[in-house]
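final29.txt, holding compact mmCIF, N, CA, C and O atoms and all ligand atoms:
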```txt
# COMPACT_ATOMS: atom_id res chain seq x y z
N MET A 1 -10.74 37.27 0.73
CA MET A 1 -10.48 35.95 1.25
C MET A 1 -9.04 35.53 1.03
O MET A 1 -8.66 34.42 1.31
N GLY A 2 -8.23 36.39 0.49
CA GLY A 2 -6.88 35.97 0.11
C GLY A 2 -5.97 35.73 1.29
O GLY A 2 -5.27 36.62 1.75
N MET A 3 -6.00 34.50 1.81
CA MET A 3 -5.06 34.14 2.87
C MET A 3 -3.70 33.92 2.25
O MET A 3 -3.54 33.12 1.34
N LYS A 4 -2.71 34.60 2.76
CA LYS A 4 -1.38 34.44 2.20
C LYS A 4 -0.62 33.32 2.90
O LYS A 4 -0.66 33.22 4.10
N HIS A 5 0.05 32.57 2.10
CA HIS A 5 0.92 31.54 2.68
C HIS A 5 2.35 32.03 2.61
O HIS A 5 2.60 33.13 2.16
N GLY A 6 3.26 31.24 3.08
CA GLY A 6 4.66 31.63 3.00
C GLY A 6 5.18 32.08 4.34
O GLY A 6 6.37 32.22 4.54
N ARG A 7 4.28 32.32 5.29
CA ARG A 7 4.73 32.63 6.65
C ARG A 7 4.01 31.67 7.57
O ARG A 7 3.24 32.06 8.43
N ALA A 8 4.30 30.41 7.36
CA ALA A 8 3.56 29.35 8.04
C ALA A 8 3.54 29.56 9.55
O ALA A 8 2.48 29.50 10.16
N GLY A 9 4.71 29.81 10.13
CA GLY A 9 4.80 29.94 11.59
C GLY A 9 3.87 31.00 12.13
O GLY A 9 3.34 30.88 13.22
N TYR A 10 3.66 32.00 11.37
CA TYR A 10 2.86 33.12 11.83
C TYR A 10 1.44 32.69 12.16
O TYR A 10 0.94 32.94 13.24
N SER A 11 0.80 32.03 11.23
CA SER A 11 -0.59 31.67 11.48
C SER A 11 -0.73 30.45 12.39
O SER A 11 -1.68 30.36 13.15
N VAL A 12 0.25 29.55 12.31
CA VAL A 12 0.21 28.35 13.14
C VAL A 12 -0.01 28.72 14.60
O VAL A 12 -0.87 28.17 15.27
N TYR A 13 0.77 29.68 15.08
CA TYR A 13 0.76 29.97 16.51
C TYR A 13 -0.48 30.74 16.94
O TYR A 13 -0.69 30.96 18.11
N ARG A 14 -1.26 31.17 16.01
CA ARG A 14 -2.46 31.90 16.40
C ARG A 14 -3.72 31.07 16.23
O ARG A 14 -4.81 31.54 16.52
N SER A 15 -3.55 29.86 15.81
CA SER A 15 -4.74 29.05 15.57
C SER A 15 -5.21 28.36 16.85
O SER A 15 -4.42 28.09 17.75
N GLN A 16 -6.48 28.07 16.90
CA GLN A 16 -7.03 27.35 18.05
C GLN A 16 -6.48 25.94 18.09
O GLN A 16 -6.29 25.37 19.16
N GLN A 17 -6.20 25.41 16.92
CA GLN A 17 -5.65 24.06 16.86
C GLN A 17 -4.31 24.00 17.59
O GLN A 17 -4.02 23.07 18.33
N TRP A 18 -3.51 25.03 17.39
CA TRP A 18 -2.21 25.07 18.06
C TRP A 18 -2.39 25.19 19.57
O TRP A 18 -1.69 24.54 20.34
N GLN A 19 -3.32 26.02 20.00
CA GLN A 19 -3.54 26.17 21.45
C GLN A 19 -3.90 24.82 22.07
O GLN A 19 -3.42 24.46 23.13
N ALA A 20 -4.74 24.06 21.38
CA ALA A 20 -5.16 22.76 21.89
C ALA A 20 -4.00 21.78 21.90
O ALA A 20 -3.81 21.00 22.83
N LEU A 21 -3.20 21.84 20.84
CA LEU A 21 -2.09 20.91 20.71
C LEU A 21 -1.00 21.20 21.74
O LEU A 21 -0.38 20.28 22.29
N ARG A 22 -0.80 22.47 22.01
CA ARG A 22 0.16 22.86 23.03
C ARG A 22 -0.20 22.24 24.38
O ARG A 22 0.65 21.72 25.09
N LEU A 23 -1.49 22.31 24.69
CA LEU A 23 -1.95 21.72 25.94
C LEU A 23 -1.77 20.21 25.92
O LEU A 23 -1.34 19.61 26.91
N ALA A 24 -2.07 19.60 24.79
CA ALA A 24 -1.91 18.14 24.67
C ALA A 24 -0.45 17.75 24.88
O ALA A 24 -0.14 16.75 25.55
N ALA A 25 0.47 18.53 24.35
CA ALA A 25 1.90 18.23 24.50
C ALA A 25 2.30 18.34 25.97
O ALA A 25 3.05 17.52 26.49
N LYS A 26 1.78 19.36 26.65
CA LYS A 26 2.12 19.54 28.06
C LYS A 26 1.57 18.41 28.91
O LYS A 26 2.25 17.92 29.82
N ARG A 27 0.37 18.00 28.59
CA ARG A 27 -0.21 16.86 29.32
C ARG A 27 0.63 15.62 29.12
O ARG A 27 0.95 14.90 30.05
N ARG A 28 0.97 15.36 27.86
CA ARG A 28 1.75 14.16 27.56
C ARG A 28 3.07 14.17 28.30
O ARG A 28 3.54 13.15 28.79
N ASP A 29 3.70 15.33 28.39
CA ASP A 29 5.01 15.42 29.04
C ASP A 29 4.89 15.64 30.55
O ASP A 29 5.89 15.90 31.22
N GLY A 30 3.69 15.53 31.07
CA GLY A 30 3.50 15.64 32.52
C GLY A 30 3.76 17.04 33.05
O GLY A 30 4.13 17.20 34.20
N PHE A 31 3.58 18.05 32.20
CA PHE A 31 3.80 19.45 32.60
C PHE A 31 5.21 19.65 33.16
O PHE A 31 5.41 20.35 34.14
N LYS A 32 6.16 18.95 32.53
CA LYS A 32 7.56 19.08 32.93
C LYS A 32 8.42 19.36 31.70
O LYS A 32 8.10 18.93 30.59
N CYS A 33 9.55 19.98 31.95
CA CYS A 33 10.53 20.17 30.89
C CYS A 33 11.10 18.81 30.50
O CYS A 33 11.54 18.05 31.37
N THR A 34 11.10 18.48 29.22
CA THR A 34 11.59 17.17 28.79
C THR A 34 13.11 17.11 28.83
O THR A 34 13.70 16.05 28.67
N SER A 35 13.75 18.23 29.03
CA SER A 35 15.21 18.24 29.08
C SER A 35 15.72 18.15 30.52
O SER A 35 16.53 17.29 30.83
N CYS A 36 15.23 19.01 31.40
CA CYS A 36 15.76 19.02 32.76
C CYS A 36 14.73 18.58 33.79
O CYS A 36 15.04 18.45 34.97
N GLY A 37 13.49 18.35 33.36
CA GLY A 37 12.47 17.90 34.30
C GLY A 37 11.87 19.01 35.14
O GLY A 37 11.06 18.76 36.03
N GLY A 38 12.27 20.23 34.85
CA GLY A 38 11.78 21.36 35.63
C GLY A 38 10.28 21.58 35.41
O GLY A 38 9.78 21.38 34.31
N ARG A 39 9.63 21.98 36.48
CA ARG A 39 8.22 22.32 36.36
C ARG A 39 8.08 23.83 36.29
O ARG A 39 9.05 24.56 36.35
N GLY A 40 6.88 24.27 36.20
CA GLY A 40 6.67 25.71 36.09
C GLY A 40 6.35 26.07 34.66
O GLY A 40 5.74 25.29 33.94
N ARG A 41 6.80 27.20 34.28
CA ARG A 41 6.47 27.68 32.96
C ARG A 41 7.10 26.81 31.87
O ARG A 41 8.27 26.47 31.94
N LEU A 42 6.32 26.46 30.90
CA LEU A 42 6.80 25.61 29.82
C LEU A 42 6.51 26.22 28.47
O LEU A 42 5.48 26.87 28.27
N GLU A 43 7.41 25.96 27.57
CA GLU A 43 7.20 26.35 26.19
C GLU A 43 7.17 25.08 25.36
O GLU A 43 7.80 24.09 25.71
N VAL A 44 6.43 25.11 24.30
CA VAL A 44 6.33 23.93 23.45
C VAL A 44 7.21 24.13 22.23
O VAL A 44 7.05 25.10 21.49
N HIS A 45 8.12 23.22 22.07
CA HIS A 45 9.15 23.33 21.05
C HIS A 45 8.86 22.39 19.88
O HIS A 45 8.47 21.25 20.09
N HIS A 46 9.08 22.87 18.67
CA HIS A 46 9.02 22.00 17.49
C HIS A 46 10.40 21.39 17.27
O HIS A 46 11.36 22.13 17.03
N GLU A 47 10.49 20.08 17.33
CA GLU A 47 11.80 19.46 17.12
C GLU A 47 12.31 19.73 15.72
O GLU A 47 13.47 20.05 15.52
N THR A 48 11.43 19.58 14.75
CA THR A 48 11.77 20.04 13.41
C THR A 48 11.08 21.38 13.23
O THR A 48 9.86 21.46 13.32
N PRO A 49 11.85 22.44 13.03
CA PRO A 49 11.24 23.78 12.99
C PRO A 49 10.14 23.88 11.94
O PRO A 49 10.24 23.28 10.87
N VAL A 50 9.13 24.67 12.27
CA VAL A 50 7.99 24.82 11.37
C VAL A 50 8.42 25.32 10.00
O VAL A 50 7.89 24.90 8.98
N ARG A 51 9.43 26.18 9.99
CA ARG A 51 9.84 26.70 8.67
C ARG A 51 10.46 25.62 7.81
O ARG A 51 10.48 25.74 6.59
N GLN A 52 10.97 24.56 8.45
CA GLN A 52 11.54 23.47 7.65
C GLN A 52 10.48 22.44 7.27
O GLN A 52 10.59 21.80 6.24
N ALA A 53 9.51 22.25 8.15
CA ALA A 53 8.51 21.21 7.92
C ALA A 53 7.14 21.70 8.38
O ALA A 53 6.66 21.29 9.43
N PRO A 54 6.53 22.58 7.61
CA PRO A 54 5.21 23.11 8.00
C PRO A 54 4.18 22.00 8.22
O PRO A 54 3.28 22.15 9.03
N GLU A 55 4.37 20.88 7.52
CA GLU A 55 3.41 19.79 7.66
C GLU A 55 3.48 19.12 9.03
O GLU A 55 2.58 18.41 9.43
N LEU A 56 4.58 19.38 9.75
CA LEU A 56 4.71 18.80 11.09
C LEU A 56 4.31 19.79 12.19
O LEU A 56 4.43 19.50 13.37
N ALA A 57 3.81 20.94 11.79
CA ALA A 57 3.49 21.97 12.77
C ALA A 57 2.47 21.47 13.79
O ALA A 57 2.52 21.83 14.96
N PHE A 58 1.56 20.65 13.34
CA PHE A 58 0.50 20.16 14.23
C PHE A 58 0.66 18.69 14.55
O PHE A 58 -0.30 18.00 14.85
N ASP A 59 1.89 18.21 14.46
CA ASP A 59 2.16 16.80 14.74
C ASP A 59 2.68 16.70 16.18
O ASP A 59 3.77 17.20 16.49
N LEU A 60 1.89 16.07 17.03
CA LEU A 60 2.27 15.97 18.44
C LEU A 60 3.64 15.33 18.60
O LEU A 60 4.40 15.65 19.50
N GLY A 61 3.97 14.40 17.70
CA GLY A 61 5.26 13.74 17.76
C GLY A 61 6.44 14.67 17.48
O GLY A 61 7.58 14.33 17.75
N ASN A 62 6.14 15.83 16.94
CA ASN A 62 7.20 16.80 16.64
C ASN A 62 7.31 17.85 17.73
O ASN A 62 8.09 18.79 17.62
N LEU A 63 6.54 17.68 18.80
CA LEU A 63 6.52 18.69 19.85
C LEU A 63 7.14 18.16 21.13
O LEU A 63 6.99 16.98 21.45
N LYS A 64 7.80 19.01 21.85
CA LYS A 64 8.20 18.65 23.20
C LYS A 64 8.21 19.87 24.08
O LYS A 64 8.46 20.98 23.62
N CYS A 65 7.97 19.65 25.37
CA CYS A 65 7.90 20.75 26.31
C CYS A 65 9.29 21.04 26.87
O CYS A 65 10.01 20.13 27.25
N LEU A 66 9.62 22.31 26.91
CA LEU A 66 10.90 22.74 27.48
C LEU A 66 10.65 23.96 28.35
O LEU A 66 9.79 24.78 28.04
N CYS A 67 11.43 24.06 29.43
CA CYS A 67 11.37 25.29 30.21
C CYS A 67 12.11 26.38 29.41
O CYS A 67 12.88 26.07 28.52
N PRO A 68 11.86 27.63 29.74
CA PRO A 68 12.48 28.70 28.94
C PRO A 68 14.00 28.59 28.79
O PRO A 68 14.50 28.75 27.67
N PRO A 69 14.77 28.32 29.86
CA PRO A 69 16.23 28.22 29.66
C PRO A 69 16.62 27.09 28.71
O PRO A 69 17.48 27.28 27.85
N CYS A 70 15.98 25.91 28.87
CA CYS A 70 16.31 24.80 27.98
C CYS A 70 15.87 25.12 26.55
O CYS A 70 16.52 24.76 25.59
N HIS A 71 14.75 25.78 26.44
CA HIS A 71 14.25 26.12 25.12
C HIS A 71 15.20 27.07 24.39
O HIS A 71 15.53 26.87 23.24
N SER A 72 15.68 28.08 25.10
CA SER A 72 16.56 29.01 24.38
C SER A 72 17.89 28.36 24.07
O SER A 72 18.47 28.62 23.03
N LYS A 73 18.36 27.47 24.96
CA LYS A 73 19.60 26.75 24.64
C LYS A 73 19.42 25.96 23.35
O LYS A 73 20.25 25.98 22.46
N GLN A 74 18.30 25.25 23.29
CA GLN A 74 18.02 24.42 22.12
C GLN A 74 17.87 25.25 20.86
O GLN A 74 18.41 24.93 19.81
N THR A 75 17.13 26.33 20.99
CA THR A 75 16.90 27.18 19.82
C THR A 75 18.19 27.81 19.35
O THR A 75 18.48 27.87 18.16
N ASN A 76 19.01 28.26 20.31
CA ASN A 76 20.29 28.84 19.93
C ASN A 76 21.17 27.81 19.24
O ASN A 76 21.84 28.12 18.26
N ALA A 77 21.16 26.58 19.76
CA ALA A 77 21.98 25.53 19.16
C ALA A 77 21.53 25.27 17.72
O ALA A 77 22.35 25.15 16.82
N GLU A 78 20.20 25.22 17.53
CA GLU A 78 19.68 24.97 16.18
C GLU A 78 20.06 26.08 15.22
O GLU A 78 20.32 25.86 14.06
N ARG A 79 20.04 27.28 15.71
CA ARG A 79 20.29 28.41 14.83
C ARG A 79 21.75 28.79 14.78
O ARG A 79 22.13 29.69 14.04
N GLY A 80 22.56 28.13 15.63
CA GLY A 80 23.98 28.46 15.65
C GLY A 80 24.25 29.85 16.19
O GLY A 80 25.18 30.52 15.78
N ILE A 81 23.40 30.27 17.11
CA ILE A 81 23.54 31.61 17.66
C ILE A 81 24.16 31.53 19.06
O ILE A 81 23.74 30.73 19.87
N GLN A 82 25.14 32.34 19.30
CA GLN A 82 25.68 32.46 20.65
C GLN A 82 24.87 33.50 21.40
O GLN A 82 24.31 34.39 20.79
N PRO A 83 24.81 33.35 22.72
CA PRO A 83 24.08 34.35 23.50
C PRO A 83 24.61 35.75 23.22
O PRO A 83 25.82 35.95 23.07
N ASN A 84 23.73 36.68 23.12
CA ASN A 84 24.15 38.07 22.90
C ASN A 84 23.08 39.01 23.43
O ASN A 84 21.98 38.58 23.74
N PRO A 85 23.41 40.28 23.58
CA PRO A 85 22.47 41.22 24.20
C PRO A 85 21.13 41.31 23.46
O PRO A 85 20.08 41.41 24.09
N ALA A 86 21.17 41.26 22.15
CA ALA A 86 19.92 41.37 21.40
C ALA A 86 19.02 40.19 21.73
O ALA A 86 17.81 40.33 21.89
N ARG A 87 19.64 39.04 21.84
CA ARG A 87 18.90 37.84 22.17
C ARG A 87 18.29 37.96 23.58
O ARG A 87 17.16 37.58 23.82
N ASP A 88 19.05 38.51 24.49
CA ASP A 88 18.54 38.68 25.85
C ASP A 88 17.37 39.64 25.87
O ASP A 88 16.39 39.44 26.60
N ALA A 89 17.45 40.65 25.07
CA ALA A 89 16.34 41.61 25.00
C ALA A 89 15.09 40.90 24.47
O ALA A 89 13.98 41.10 24.96
N TRP A 90 15.30 40.04 23.52
CA TRP A 90 14.20 39.25 22.96
C TRP A 90 13.60 38.36 24.03
O TRP A 90 12.39 38.28 24.19
N LYS A 91 14.47 37.73 24.79
CA LYS A 91 13.98 36.81 25.83
C LYS A 91 13.18 37.57 26.88
O LYS A 91 12.17 37.06 27.38
N SER A 92 13.60 38.76 27.21
CA SER A 92 12.85 39.48 28.24
C SER A 92 11.50 39.90 27.68
O SER A 92 10.51 39.96 28.40
N LEU A 93 11.45 40.15 26.39
CA LEU A 93 10.16 40.39 25.74
C LEU A 93 9.25 39.18 25.91
O LEU A 93 8.08 39.30 26.25
N LEU A 94 9.84 38.01 25.67
CA LEU A 94 9.07 36.78 25.79
C LEU A 94 8.56 36.61 27.21
O LEU A 94 7.44 36.20 27.43
N ARG A 95 9.44 36.93 28.18
CA ARG A 95 9.05 36.78 29.57
C ARG A 95 7.87 37.65 29.94
O ARG A 95 7.14 37.36 30.85
N GLN A 96 7.71 38.74 29.22
CA GLN A 96 6.60 39.63 29.53
C GLN A 96 5.27 39.06 29.04
O GLN A 96 4.26 39.74 29.09
N GLY A 97 5.30 37.85 28.55
CA GLY A 97 4.04 37.21 28.22
C GLY A 97 3.70 37.24 26.76
O GLY A 97 2.60 36.89 26.36
N THR A 98 4.63 37.61 25.96
CA THR A 98 4.39 37.54 24.52
C THR A 98 4.37 36.07 24.13
O THR A 98 4.68 35.22 24.93
N PHE A 99 4.03 35.82 22.97
CA PHE A 99 3.89 34.47 22.49
C PHE A 99 5.16 33.67 22.56
O PHE A 99 6.20 34.19 22.27
N LEU A 100 5.05 32.45 22.98
CA LEU A 100 6.22 31.63 23.20
C LEU A 100 6.21 30.36 22.40
O LEU A 100 5.42 29.51 22.70
N THR A 101 7.12 30.26 21.52
CA THR A 101 7.39 28.97 20.89
C THR A 101 8.36 29.29 19.78
O THR A 101 8.68 30.45 19.57
N CYS A 102 8.82 28.26 19.13
CA CYS A 102 9.67 28.54 17.99
C CYS A 102 9.36 27.53 16.92
O CYS A 102 8.58 26.63 17.15
ZN ZN A 201 14.51 22.59 31.29
```
What's the structure tokens form of this structure?
Ligand SMILES: [Zn+2]
Amino acid sequence: MGMKHGRAGYSVYRSQQWQALRLAAKRRDGFKCTSCGGRGRLEVHHETPVRQAPELAFDLGNLKCLCPPCHSKQTNAERGIQPNPARDAWKSLLRQGTFLTC
């Protein structure tokens, strides 16, 4: 039964609670990107990253919907990362339907 903690983000994104909350966030935001208003594919972003505030992982107020380009811009800005080939490879992985969020 030994559930390990310390990798909060890992289990958060696999829980049913997260799946439900993701949908709730999309509904609230009208299934649009909150940054550019784009419709289509959306990712749900934690305004305060889960690793900084695990207690806000399931707080709807900490979530917002972003399209993939806006999401990566935001994530890069938060992490202070400039676009680079490794990052692009990661993004194409994400596009293939792997789990999306940060
Ligand atoms: Zn957008």
| remark: Shortest contact to ligand ZN 201 (chain A), candidates A:Ala20, A:Val12, A:Cys70, A:Leu63, atoms counted only C-alpha atoms and all ligand atoms, goes to A:Cys70
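Here atom CA of Gly40 of chain A is placed at a distance of 20.1 Å from atom CA of Trp18 of chain A.
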| request: Give as number ranges by chain the residues surrounding ligand ZN 201 (chain A) up to a distance of 8 Å, considering all atoms listed in the file. | output: A: 32-39, 41, 65-71
| message | Based on the backbone DSSP call, show me all residues of segment 3-87 of chain A assigned helix (DSSP H, G or I), as a ChimeraX atom specification. | response | /A:8-12,16-28,54-56,60-62,68-79,85-87
Could you write out the selected residues, including N, CA, C and O atoms, as a short mmCIF file (atom, residue, chain, number, x, y, z; two decimals), keeping the file's coordinate frame?
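Output contents, as saved in part37.cif:
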```cif
data_model
loop_
_atom_site.label_atom_id
_atom_site.label_comp_id
_atom_site.auth_asym_id
_atom_site.auth_seq_id
_atom_site.Cartn_x
_atom_site.Cartn_y
_atom_site.Cartn_z
N ALA A 8 4.30 30.41 7.36
CA ALA A 8 3.56 29.35 8.04
C ALA A 8 3.54 29.56 9.55
O ALA A 8 2.48 29.50 10.16
N GLY A 9 4.71 29.81 10.13
CA GLY A 9 4.80 29.94 11.59
C GLY A 9 3.87 31.00 12.13
O GLY A 9 3.34 30.88 13.22
N TYR A 10 3.66 32.00 11.37
CA TYR A 10 2.86 33.12 11.83
C TYR A 10 1.44 32.69 12.16
O TYR A 10 0.94 32.94 13.24
N SER A 11 0.80 32.03 11.23
CA SER A 11 -0.59 31.67 11.48
C SER A 11 -0.73 30.45 12.39
O SER A 11 -1.68 30.36 13.15
N VAL A 12 0.25 29.55 12.31
CA VAL A 12 0.21 28.35 13.14
C VAL A 12 -0.01 28.72 14.60
O VAL A 12 -0.87 28.17 15.27
N GLN A 16 -6.48 28.07 16.90
CA GLN A 16 -7.03 27.35 18.05
C GLN A 16 -6.48 25.94 18.09
O GLN A 16 -6.29 25.37 19.16
N GLN A 17 -6.20 25.41 16.92
CA GLN A 17 -5.65 24.06 16.86
C GLN A 17 -4.31 24.00 17.59
O GLN A 17 -4.02 23.07 18.33
N TRP A 18 -3.51 25.03 17.39
CA TRP A 18 -2.21 25.07 18.06
C TRP A 18 -2.39 25.19 19.57
O TRP A 18 -1.69 24.54 20.34
N GLN A 19 -3.32 26.02 20.00
CA GLN A 19 -3.54 26.17 21.45
C GLN A 19 -3.90 24.82 22.07
O GLN A 19 -3.42 24.46 23.13
N ALA A 20 -4.74 24.06 21.38
CA ALA A 20 -5.16 22.76 21.89
C ALA A 20 -4.00 21.78 21.90
O ALA A 20 -3.81 21.00 22.83
N LEU A 21 -3.20 21.84 20.84
CA LEU A 21 -2.09 20.91 20.71
C LEU A 21 -1.00 21.20 21.74
O LEU A 21 -0.38 20.28 22.29
N ARG A 22 -0.80 22.47 22.01
CA ARG A 22 0.16 22.86 23.03
C ARG A 22 -0.20 22.24 24.38
O ARG A 22 0.65 21.72 25.09
N LEU A 23 -1.49 22.31 24.69
CA LEU A 23 -1.95 21.72 25.94
C LEU A 23 -1.77 20.21 25.92
O LEU A 23 -1.34 19.61 26.91
N ALA A 24 -2.07 19.60 24.79
CA ALA A 24 -1.91 18.14 24.67
C ALA A 24 -0.45 17.75 24.88
O ALA A 24 -0.14 16.75 25.55
N ALA A 25 0.47 18.53 24.35
CA ALA A 25 1.90 18.23 24.50
C ALA A 25 2.30 18.34 25.97
O ALA A 25 3.05 17.52 26.49
N LYS A 26 1.78 19.36 26.65
CA LYS A 26 2.12 19.54 28.06
C LYS A 26 1.57 18.41 28.91
O LYS A 26 2.25 17.92 29.82
N ARG A 27 0.37 18.00 28.59
CA ARG A 27 -0.21 16.86 29.32
C ARG A 27 0.63 15.62 29.12
O ARG A 27 0.95 14.90 30.05
N ARG A 28 0.97 15.36 27.86
CA ARG A 28 1.75 14.16 27.56
C ARG A 28 3.07 14.17 28.30
O ARG A 28 3.54 13.15 28.79
N PRO A 54 6.53 22.58 7.61
CA PRO A 54 5.21 23.11 8.00
C PRO A 54 4.18 22.00 8.22
O PRO A 54 3.28 22.15 9.03
N GLU A 55 4.37 20.88 7.52
CA GLU A 55 3.41 19.79 7.66
C GLU A 55 3.48 19.12 9.03
O GLU A 55 2.58 18.41 9.43
N LEU A 56 4.58 19.38 9.75
CA LEU A 56 4.71 18.80 11.09
C LEU A 56 4.31 19.79 12.19
O LEU A 56 4.43 19.50 13.37
N LEU A 60 1.89 16.07 17.03
CA LEU A 60 2.27 15.97 18.44
C LEU A 60 3.64 15.33 18.60
O LEU A 60 4.40 15.65 19.50
N GLY A 61 3.97 14.40 17.70
CA GLY A 61 5.26 13.74 17.76
C GLY A 61 6.44 14.67 17.48
O GLY A 61 7.58 14.33 17.75
N ASN A 62 6.14 15.83 16.94
CA ASN A 62 7.20 16.80 16.64
C ASN A 62 7.31 17.85 17.73
O ASN A 62 8.09 18.79 17.62
N PRO A 68 11.86 27.63 29.74
CA PRO A 68 12.48 28.70 28.94
C PRO A 68 14.00 28.59 28.79
O PRO A 68 14.50 28.75 27.67
N PRO A 69 14.77 28.32 29.86
CA PRO A 69 16.23 28.22 29.66
C PRO A 69 16.62 27.09 28.71
O PRO A 69 17.48 27.28 27.85
N CYS A 70 15.98 25.91 28.87
CA CYS A 70 16.31 24.80 27.98
C CYS A 70 15.87 25.12 26.55
O CYS A 70 16.52 24.76 25.59
N HIS A 71 14.75 25.78 26.44
CA HIS A 71 14.25 26.12 25.12
C HIS A 71 15.20 27.07 24.39
O HIS A 71 15.53 26.87 23.24
N SER A 72 15.68 28.08 25.10
CA SER A 72 16.56 29.01 24.38
C SER A 72 17.89 28.36 24.07
O SER A 72 18.47 28.62 23.03
N LYS A 73 18.36 27.47 24.96
CA LYS A 73 19.60 26.75 24.64
C LYS A 73 19.42 25.96 23.35
O LYS A 73 20.25 25.98 22.46
N GLN A 74 18.30 25.25 23.29
CA GLN A 74 18.02 24.42 22.12
C GLN A 74 17.87 25.25 20.86
O GLN A 74 18.41 24.93 19.81
N THR A 75 17.13 26.33 20.99
CA THR A 75 16.90 27.18 19.82
C THR A 75 18.19 27.81 19.35
O THR A 75 18.48 27.87 18.16
N ASN A 76 19.01 28.26 20.31
CA ASN A 76 20.29 28.84 19.93
C ASN A 76 21.17 27.81 19.24
O ASN A 76 21.84 28.12 18.26
N ALA A 77 21.16 26.58 19.76
CA ALA A 77 21.98 25.53 19.16
C ALA A 77 21.53 25.27 17.72
O ALA A 77 22.35 25.15 16.82
N GLU A 78 20.20 25.22 17.53
CA GLU A 78 19.68 24.97 16.18
C GLU A 78 20.06 26.08 15.22
O GLU A 78 20.32 25.86 14.06
N ARG A 79 20.04 27.28 15.71
CA ARG A 79 20.29 28.41 14.83
C ARG A 79 21.75 28.79 14.78
O ARG A 79 22.13 29.69 14.04
N PRO A 85 23.41 40.28 23.58
CA PRO A 85 22.47 41.22 24.20
C PRO A 85 21.13 41.31 23.46
O PRO A 85 20.08 41.41 24.09
N ALA A 86 21.17 41.26 22.15
CA ALA A 86 19.92 41.37 21.40
C ALA A 86 19.02 40.19 21.73
O ALA A 86 17.81 40.33 21.89
N ARG A 87 19.64 39.04 21.84
CA ARG A 87 18.90 37.84 22.17
C ARG A 87 18.29 37.96 23.58
O ARG A 87 17.16 37.58 23.82
#
```
| Which distance in Å separates atom C of His46 of chain A and atom C of Gly61 of chain A, to one decimal? | 7.8 Å
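Residue nearest Asp29 of chain A, chosen from A:Lys91, A:Arg14, A:His45, A:Lys64 and counting all atoms listed in the file: A:Lys64.
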| task | Would you mind telling me which residue in A:Arg28, A:Arg22, A:Arg79, A:Lys73 lies nearest to Glu43 of chain A when using only C-alpha atoms? | result |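 Closest residue, counting only C-alpha atoms: A:Arg22.
Between Glu78 of chain A and the residues A:Gln17, A:Ser11, A:Pro49, A:Phe31, the shortest atom-to-atom distance, using only C-alpha atoms, involves A:Pro49.
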| query | Got a sec to tell me which of segment 47-77 of chain A DSSP assigns to strand (DSSP E or B), as a count of residues only? | reply | 4
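Taking atom CA of Ala77 of chain A as the reference point, atom CA of Val44 of chain A is found at 16.3 Å.
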